[in-house]
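The data block below is final13.txt; it holds compact mmCIF, C-alpha atoms.
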```txt
# COMPACT_ATOMS: atom_id res chain seq x y z
CA MET A 1 30.46 1.30 -33.14
CA ASN A 2 32.07 -1.66 -34.89
CA GLY A 3 34.23 -2.43 -31.87
CA GLY A 4 34.78 1.19 -30.83
CA PRO A 5 33.68 2.77 -27.56
CA THR A 6 29.98 2.65 -26.74
CA PRO A 7 28.37 5.99 -27.69
CA VAL A 8 27.53 7.92 -24.55
CA GLU A 9 23.80 8.05 -25.39
CA HIS A 10 23.66 4.24 -25.29
CA LEU A 11 25.76 4.17 -22.15
CA LEU A 12 23.44 6.59 -20.31
CA THR A 13 20.46 4.41 -21.17
CA ARG A 14 22.22 1.33 -19.76
CA ILE A 15 23.11 3.23 -16.59
CA CYS A 16 19.52 4.46 -16.04
CA ASP A 17 18.29 0.89 -16.50
CA ALA A 18 20.82 -0.45 -14.02
CA LEU A 19 19.94 2.16 -11.40
CA ALA A 20 16.25 1.24 -11.71
CA LEU A 21 16.62 -2.55 -11.90
CA ASP A 22 19.55 -3.25 -9.58
CA ALA A 23 18.02 -3.97 -6.17
CA ARG A 24 20.87 -2.18 -4.42
CA VAL A 25 19.46 1.12 -5.76
CA GLY A 26 16.01 0.55 -7.29
CA GLU A 27 15.46 4.21 -8.11
CA LEU A 28 13.69 5.41 -11.27
CA GLY A 29 14.04 8.91 -12.58
CA LEU A 30 17.56 9.74 -11.45
CA ASP A 31 19.30 12.22 -13.71
CA VAL A 32 22.38 10.75 -15.37
CA HIS A 33 24.57 12.82 -17.67
CA GLU A 34 28.11 13.15 -18.93
CA GLU A 35 30.40 16.06 -18.14
CA SER A 36 33.71 16.60 -19.89
CA GLY A 37 36.43 18.98 -18.79
CA PRO A 38 40.15 19.46 -18.23
CA ILE A 39 40.20 16.65 -15.65
CA GLY A 40 38.52 14.16 -17.97
CA ARG A 41 35.09 12.63 -18.52
CA ARG A 42 32.67 12.18 -15.65
CA ILE A 43 29.31 10.42 -15.38
CA VAL A 44 27.21 12.42 -12.93
CA VAL A 45 24.14 11.06 -11.12
CA SER A 46 21.74 13.40 -9.33
CA GLY A 47 18.24 13.33 -7.86
CA HIS A 48 16.69 11.98 -4.67
CA VAL A 49 17.17 8.57 -3.04
CA SER A 50 15.46 7.16 0.03
CA THR A 51 18.38 5.80 2.03
CA ALA A 52 22.10 6.31 2.55
CA GLU A 53 22.68 2.68 1.52
CA ARG A 54 21.12 3.32 -1.90
CA LYS A 55 23.18 6.47 -2.30
CA HIS A 56 26.36 4.57 -1.49
CA ALA A 57 25.44 1.83 -4.01
CA ILE A 58 25.09 4.26 -6.91
CA VAL A 59 28.81 4.60 -7.61
CA ALA A 60 29.23 0.80 -7.50
CA VAL A 61 26.32 0.14 -9.88
CA VAL A 62 27.39 2.79 -12.40
CA THR A 63 31.03 1.68 -12.25
CA GLU A 64 29.97 -1.88 -13.05
CA VAL A 65 28.16 -0.71 -16.18
CA LEU A 66 31.13 1.41 -17.25
CA THR A 67 33.56 -1.45 -16.65
CA ALA A 68 31.41 -3.78 -18.75
CA HIS A 69 31.78 -1.27 -21.60
CA ASP A 70 35.52 -0.68 -21.10
CA ASP A 71 34.83 2.90 -20.11
CA ASP A 72 37.02 4.50 -17.46
CA ALA A 73 35.00 7.69 -16.85
CA GLU A 74 34.88 8.92 -13.27
CA VAL A 75 31.53 8.45 -11.50
CA VAL A 76 30.22 11.39 -9.47
CA ASP A 77 27.26 10.91 -7.13
CA ARG A 78 25.31 14.11 -6.42
CA THR A 79 22.13 12.45 -5.15
CA ILE A 80 20.39 13.61 -1.98
CA VAL A 81 18.94 11.34 0.70
CA THR A 82 15.45 12.49 1.70
CA VAL A 83 14.76 12.30 5.43
CA ALA A 84 11.12 11.80 6.45
CA GLY A 85 10.71 13.84 9.62
CA ARG A 86 7.53 15.26 11.14
CA PRO A 87 6.34 18.25 9.08
CA ASP A 88 6.59 21.82 10.32
CA GLY A 89 3.58 24.12 10.29
CA ASP A 90 -0.14 23.83 10.88
CA GLY A 91 -1.28 22.30 7.63
CA GLU A 92 -2.66 23.95 4.52
CA VAL A 93 -6.31 24.95 4.18
CA VAL A 94 -7.29 23.79 0.68
CA SER A 95 -11.08 24.08 0.60
CA MET B 1 -11.20 17.92 8.66
CA ARG B 2 -7.45 17.36 8.70
CA ILE B 3 -5.89 14.94 6.20
CA ALA B 4 -2.27 13.76 6.16
CA ALA B 5 -0.81 12.49 2.90
CA ILE B 6 2.45 10.97 1.70
CA ALA B 7 3.79 9.00 -1.28
CA ASP B 8 6.99 7.42 -2.55
CA VAL B 9 8.57 6.26 0.70
CA HIS B 10 10.09 3.24 -1.13
CA ILE B 11 10.66 1.12 1.95
CA GLY B 12 13.21 -1.67 1.60
CA PRO B 13 15.38 -3.76 3.89
CA ASP B 14 17.87 -0.88 4.08
CA SER B 15 15.29 1.63 5.32
CA VAL B 16 13.93 -0.09 8.41
CA GLY B 17 13.17 2.48 11.10
CA THR B 18 13.67 5.50 8.88
CA PHE B 19 9.99 6.36 8.38
CA GLN B 20 8.49 5.46 11.75
CA PRO B 21 9.88 8.37 13.84
CA GLY B 22 8.34 10.96 11.52
CA LEU B 23 4.92 9.38 11.95
CA ALA B 24 4.94 9.15 15.73
CA ALA B 25 2.88 12.31 16.31
CA LEU B 26 0.61 11.97 13.29
CA ALA B 27 -2.54 11.56 15.39
CA ASP B 28 -1.87 15.03 16.84
CA ASP B 29 -1.80 16.50 13.34
CA ALA B 30 -4.50 14.71 11.33
CA GLU B 31 -7.53 12.43 11.41
CA VAL B 32 -6.56 10.16 8.52
CA LEU B 33 -3.43 9.19 6.59
CA LEU B 34 -3.55 8.84 2.81
CA ILE B 35 -0.73 7.00 1.04
CA ALA B 36 -0.44 7.75 -2.67
CA GLY B 37 1.57 4.74 -3.75
CA ASP B 38 5.17 3.49 -3.95
CA LEU B 39 5.28 2.38 -0.36
CA THR B 40 7.85 -0.28 -1.32
CA LYS B 41 11.08 -0.17 -3.31
CA CYS B 42 10.51 -3.21 -5.53
CA GLY B 43 7.02 -4.44 -4.65
CA THR B 44 7.98 -7.55 -2.68
CA VAL B 45 5.89 -9.01 0.11
CA GLU B 46 8.87 -8.65 2.45
CA GLU B 47 9.03 -4.91 1.72
CA ALA B 48 5.28 -4.55 2.28
CA GLU B 49 5.70 -6.20 5.69
CA LEU B 50 8.53 -3.82 6.52
CA PHE B 51 6.34 -0.92 5.45
CA VAL B 52 3.46 -1.83 7.75
CA ASP B 53 5.95 -2.21 10.61
CA GLU B 54 6.86 1.44 10.06
CA LEU B 55 3.20 2.35 10.71
CA ASP B 56 3.09 0.77 14.17
CA ASP B 57 2.54 4.11 15.93
CA VAL B 58 -0.16 5.37 13.55
CA THR B 59 -3.57 5.17 15.20
CA VAL B 60 -5.68 7.06 12.65
CA PRO B 61 -7.35 5.31 9.68
CA ILE B 62 -5.01 4.69 6.74
CA VAL B 63 -6.11 4.58 3.09
CA ALA B 64 -3.67 3.70 0.31
CA VAL B 65 -3.28 3.07 -3.40
CA LEU B 66 -0.33 1.16 -4.85
CA GLY B 67 2.24 2.70 -7.16
CA ASN B 68 4.39 1.38 -9.98
CA HIS B 69 7.15 0.27 -7.59
CA ASP B 70 4.57 -1.79 -5.70
CA HIS B 71 3.89 -3.68 -8.96
CA HIS B 72 7.52 -4.37 -9.90
CA ALA B 73 7.65 -7.87 -8.35
CA ASP B 74 4.33 -8.75 -10.04
CA ARG B 75 2.72 -9.39 -6.66
CA PRO B 76 0.39 -6.41 -6.16
CA HIS B 77 -2.41 -8.54 -4.74
CA GLU B 78 -0.14 -10.02 -2.09
CA VAL B 79 1.25 -6.58 -1.26
CA SER B 80 -2.33 -5.31 -0.89
CA GLU B 81 -3.19 -8.24 1.35
CA VAL B 82 -0.30 -7.45 3.70
CA LEU B 83 -1.65 -3.91 4.00
CA ARG B 84 -5.22 -5.07 4.59
CA GLN B 85 -4.09 -7.34 7.40
CA ARG B 86 -2.83 -4.16 9.11
CA ASP B 87 -6.36 -2.67 8.59
CA ILE B 88 -5.14 -0.37 5.83
CA THR B 89 -7.83 0.24 3.21
CA VAL B 90 -6.36 -0.37 -0.24
CA LEU B 91 -8.20 1.22 -3.15
CA GLU B 92 -7.91 0.33 -6.83
CA GLY B 93 -10.84 1.56 -8.86
CA THR B 94 -12.80 1.60 -5.63
CA SER B 95 -13.77 4.06 -2.91
CA THR B 96 -14.34 4.22 0.82
CA ILE B 97 -16.20 6.49 3.20
CA LEU B 98 -14.74 7.42 6.58
CA HIS B 99 -16.77 8.98 9.39
CA LEU B 100 -14.48 11.49 11.04
CA GLY B 101 -15.76 13.74 13.80
CA GLY B 102 -19.33 13.47 12.57
CA ARG B 103 -18.41 14.27 8.98
CA GLN B 104 -18.11 11.96 6.00
CA LEU B 105 -14.90 11.86 4.00
CA GLY B 106 -15.13 9.94 0.74
CA ILE B 107 -11.91 8.76 -0.89
CA ALA B 108 -11.77 7.38 -4.43
CA GLY B 109 -8.52 5.66 -5.33
CA VAL B 110 -6.68 4.36 -8.38
CA LYS B 111 -3.04 3.79 -9.16
CA GLY B 112 -3.55 5.67 -12.38
CA PHE B 113 -1.14 5.40 -15.30
CA GLY B 114 0.68 7.44 -17.93
CA GLY B 115 -0.12 8.93 -21.30
CA GLY B 116 0.82 12.57 -20.94
CA PHE B 117 -0.96 15.86 -20.84
CA ALA B 118 -3.01 18.16 -23.06
CA ASP B 119 -1.81 18.42 -26.66
CA THR B 120 1.05 15.97 -26.15
CA ALA B 121 -1.11 13.20 -24.69
CA ALA B 122 -0.95 9.78 -26.30
CA SER B 123 -3.84 8.35 -28.32
CA ALA B 124 -5.02 4.74 -28.52
CA PHE B 125 -3.81 4.42 -32.10
CA GLY B 126 -1.54 2.05 -33.96
CA GLU B 127 0.14 -0.98 -32.46
CA HIS B 128 -1.66 -3.23 -30.02
CA GLU B 129 0.87 -2.33 -27.31
CA MET B 130 0.26 1.41 -27.75
CA LYS B 131 -3.50 0.98 -27.66
CA ALA B 132 -3.20 -1.20 -24.55
CA PHE B 133 -1.10 1.47 -22.85
CA VAL B 134 -3.60 4.25 -23.46
CA ARG B 135 -6.65 2.10 -22.84
CA HIS B 136 -5.37 1.10 -19.42
CA THR B 137 -5.27 4.79 -18.49
CA GLN B 138 -8.73 5.32 -19.97
CA VAL B 139 -10.11 2.48 -17.86
CA VAL B 140 -8.62 3.64 -14.56
CA ALA B 141 -9.62 7.26 -15.22
CA GLU B 142 -13.19 6.13 -15.85
CA GLN B 143 -13.10 4.12 -12.60
CA LEU B 144 -11.88 7.18 -10.73
CA GLY B 145 -14.69 9.30 -12.09
CA THR B 146 -17.30 6.65 -11.37
CA GLU B 147 -16.18 6.32 -7.76
CA LEU B 148 -16.10 10.09 -7.20
CA HIS B 149 -19.66 10.30 -8.53
CA ARG B 150 -20.63 7.44 -6.24
CA LEU B 151 -19.24 9.32 -3.24
CA ALA B 152 -21.23 12.42 -4.21
CA ASP B 153 -24.38 10.36 -4.50
CA ALA B 154 -23.68 8.93 -1.04
CA GLY B 155 -23.73 12.46 0.37
CA CYS B 156 -20.09 12.78 1.44
CA GLU B 157 -19.30 16.27 2.70
CA HIS B 158 -15.77 15.98 1.39
CA ARG B 159 -14.25 13.95 -1.42
CA VAL B 160 -10.61 13.23 -2.20
CA ALA B 161 -9.19 11.65 -5.34
CA LEU B 162 -6.18 9.52 -4.36
CA MET B 163 -3.81 8.28 -7.06
CA HIS B 164 -0.14 7.57 -7.68
CA TYR B 165 0.25 9.04 -11.16
CA ALA B 166 -0.24 12.76 -11.71
CA PRO B 167 -3.57 14.10 -13.03
CA ILE B 168 -2.11 17.40 -14.28
CA ALA B 169 1.16 18.69 -15.69
CA ASP B 170 1.48 21.51 -13.11
CA THR B 171 2.72 19.27 -10.33
CA VAL B 172 5.27 17.42 -12.45
CA ALA B 173 6.96 20.71 -13.41
CA GLY B 174 10.66 20.30 -12.70
CA GLU B 175 10.80 16.85 -14.24
CA ARG B 176 12.29 16.49 -17.73
CA ARG B 177 9.52 17.07 -20.26
CA GLU B 178 10.58 13.94 -22.14
CA ILE B 179 9.25 11.75 -19.32
CA TYR B 180 5.93 13.55 -18.76
CA PRO B 181 3.99 10.77 -20.56
CA PHE B 182 5.28 8.32 -17.96
CA LEU B 183 4.38 10.52 -15.00
CA GLY B 184 0.64 10.87 -15.44
CA SER B 185 -2.31 11.56 -17.64
CA GLN B 186 -4.70 14.36 -18.45
CA LEU B 187 -7.47 11.76 -18.41
CA LEU B 188 -7.13 11.47 -14.63
CA GLY B 189 -7.48 15.23 -14.24
CA GLU B 190 -10.47 15.25 -16.57
CA ALA B 191 -12.16 12.58 -14.46
CA VAL B 192 -11.58 14.62 -11.30
CA ASP B 193 -12.97 17.77 -12.93
CA ASP B 194 -15.98 15.95 -14.33
CA ALA B 195 -16.97 14.31 -11.04
CA GLY B 196 -15.73 17.00 -8.66
CA ALA B 197 -13.62 16.69 -5.52
CA ASP B 198 -12.23 18.85 -2.74
CA LEU B 199 -8.69 17.70 -3.35
CA ALA B 200 -6.64 15.40 -5.58
CA VAL B 201 -3.48 13.83 -4.14
CA HIS B 202 -0.73 12.03 -6.03
CA GLY B 203 2.96 11.13 -5.96
CA HIS B 204 5.36 9.58 -8.51
CA ALA B 205 6.94 12.82 -9.77
CA HIS B 206 9.94 13.12 -7.42
CA SER B 207 11.28 16.25 -9.05
CA GLY B 208 7.89 17.91 -9.39
CA ILE B 209 6.27 20.54 -7.19
CA GLU B 210 3.64 20.23 -4.48
CA HIS B 211 0.96 22.65 -5.63
CA GLY B 212 -1.23 22.61 -8.70
CA THR B 213 -4.82 22.98 -9.84
CA THR B 214 -6.88 21.07 -12.39
CA PRO B 215 -8.25 23.05 -15.35
CA GLY B 216 -11.58 22.94 -13.47
CA GLY B 217 -10.08 24.53 -10.36
CA ILE B 218 -9.65 21.55 -8.03
CA PRO B 219 -6.51 21.67 -5.85
CA VAL B 220 -3.92 19.02 -6.67
CA ARG B 221 -1.06 18.17 -4.32
CA ASN B 222 2.03 16.12 -5.19
CA VAL B 223 3.05 14.50 -1.90
CA ALA B 224 6.04 12.50 -3.15
CA LEU B 225 8.51 12.34 -0.27
CA PRO B 226 11.32 14.08 -2.19
CA VAL B 227 8.89 16.90 -3.04
CA ILE B 228 7.49 17.60 0.43
CA GLY B 229 10.69 16.63 2.29
CA CYS B 230 8.92 15.28 5.38
CA ALA B 231 6.93 12.26 6.56
CA TYR B 232 3.55 13.70 5.49
CA ARG B 233 1.79 16.90 4.58
CA VAL B 234 -1.43 18.02 6.29
CA TYR B 235 -4.35 19.52 4.37
CA VAL B 236 -7.49 20.99 5.96
CA LEU B 237 -10.81 20.49 4.17
CA GLY B 238 -14.02 22.39 4.79
CA GLU B 239 -14.93 24.85 7.48
CA ILE B 240 -12.26 25.07 10.15
CA GLU B 241 -13.79 23.86 13.39
CA GLU B 242 -12.67 23.89 17.00
CA ARG B 243 -11.39 20.35 16.57
CA ASP B 244 -9.10 21.42 13.72
CA VAL B 245 -7.86 24.41 15.69
CA ALA B 246 -7.10 22.26 18.71
CA MET B 247 -5.26 19.64 16.63
CA ALA B 248 -3.10 22.21 14.94
CA GLY B 249 -2.48 24.23 18.08
CA TRP B 250 -3.65 27.32 16.25
CA ASP B 251 -4.49 30.38 18.29
CA VAL B 252 -7.65 32.24 17.37
CA ALA B 253 -5.87 35.20 15.81
CA ARG B 254 -3.84 32.99 13.46
CA HIS B 255 -6.95 31.02 12.63
CA GLU B 256 -8.82 34.16 11.66
CA ARG B 257 -5.97 35.38 9.48
CA SER B 258 -5.69 32.13 7.58
CA ALA B 259 -9.40 31.43 7.17
```

Now that the file is in, can you turn its structure into structure tokens?
Amino acid sequence: MNGGPTPVEHLLTRICDALALDARVGELGLDVHEESGPIGRRIVVSGHVSTAERKHAIVAVVTEVLTAHDDDAEVVDRTIVTVAGRPDGDGEVVS
Amino acid sequence: MRIAAIADVHIGPDSVGTFQPGLAALADDAEVLLIAGDLTKCGTVEEAELFVDELDDVTVPIVAVLGNHDHHADRPHEVSEVLRQRDITVLEGTSTILHLGGRQLGIAGVKGFGGGFADTAASAFGEHEMKAFVRHTQVVAEQLGTELHRLADAGCEHRVALMHYAPIADTVAGERREIYPFLGSQLLGEAVDDAGADLAVHGHAHSGIEHGTTPGGIPVRNVALPVIGCAYRVYVLGEIEERDVAMAGWDVARHERSA
């Protein structure tokens, strides 16, 4: 702190907030974590989103948060778009 | 009696036309559609209107509860009104009885709320805000129980508890344990066990699992879209009758094996 880089724990909280509150994404409960390796730091987002447009917006929203905190980590989107097709099978007998 | 159920479709302006194709043949699969909340992305009236447009081809009765996303714009009553204008029954601490093929299906619905499960559940203790949080769940759980009892008194052959938040921890398994208190409450499951039901349906836990059972043995199904991976899931309640067999296209041999 005191003018240094934002601790990653604080950064992850800001990113989760942005993904929930930014109308381009609007998804709660996405997993956001940091990975570090030989190629540098990465912020990785995973989970399910409802549309391809929301998936495409994730990198933009996270990059905006990182930029606001002078953080140049790479953003990696590993989310999956869920397609709502007709179910297979006959149905489940539950009672 | 064949029931279709879905939750967490999160319709927004960018998802027009994505849900409708999967619903086109619903009347061939089920007699009623239950929606366990989060039909919209941010709870706007515009999104609610887009959602009902997606249901254009659905001819069976539709019963819904709202979810937390449907409250985000602070306009839940207007969202509900849009649904009601499309003849969708919206439940919140209320119940309805449908007459399907000569049988009565009672549905009690609440959005529900959080608080957590078993020995890690929150208590109404301390700050006003904490007490308000827990008491809200206590109130809606009591409403759920009251309505399920009411449906039993009315003589419904089958009863379903419909909610957005989870009533047990089983079906949120796969989520991070740190967020369990925001995914549901044991109080909802206790209400279902106390009043009895054939089935409890919920959504909200996108990384959870479909199948669970209350401590009292009542089946619980998490029908969040990311969990079931399709437009709806079909559940069969009660004795399987010719009507159910015909709807599912079962042959007699398969029917006998699964019964």

Selected residue, from B:Arg84, B:Arg135, B:His149, B:Arg2, that lies nearest to chain A when counting all atoms listed in the file: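 Of the candidates, the smallest distance to chain A is held by B:Arg2.
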
Would you mind listing what lies within 7 Å of region 64-72 of chain A as a PDB file with C-alpha atoms, in the coordinates of the input, with only C-alpha atoms counted and same-chain residues fewer than 4 positions away left out?
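Listed below is the output, result_8.pdb:
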```
ATOM      1  CA  THR A   6      29.980   2.650 -26.740  1.00  0.00           C
ATOM      2  CA  ILE A  15      23.110   3.230 -16.590  1.00  0.00           C
ATOM      3  CA  ALA A  60      29.230   0.800  -7.500  1.00  0.00           C
TER       4      ALA A  60
END
```

Would you kindly report the residues of chain B within 6 Å of chain A, using only C-alpha atoms, as a list in words? Phe19, Gly22, Pro226, Cys230, Ala231, Val234, Tyr235, Val236, Leu237, Gly238 and Ala248 of chain B

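With only C-alpha atoms as the basis for measurement, B:Met1 is the residue among B:His128, B:His69, B:Ser123, B:Met1 that approaches Ala30 (chain B) most closely.
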
Restricting the calculation to all atoms listed in the file, which member of B:His211, B:His202, B:His158, B:His10 is positioned closest to Thr96 (chain B)? B:His158

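Between CA of Ile58 (chain A) and CA of Leu55 (chain B) lies a distance of 28.2 Å.
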
May I ask which of the residues B:Ile11, B:Cys156, B:Val201, B:Asp193 is the closest one to Gln104 (chain B), counting only C-alpha atoms?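 Nearest candidate to Gln104 (chain B) out of B:Ile11, B:Cys156, B:Val201, B:Asp193: B:Cys156.
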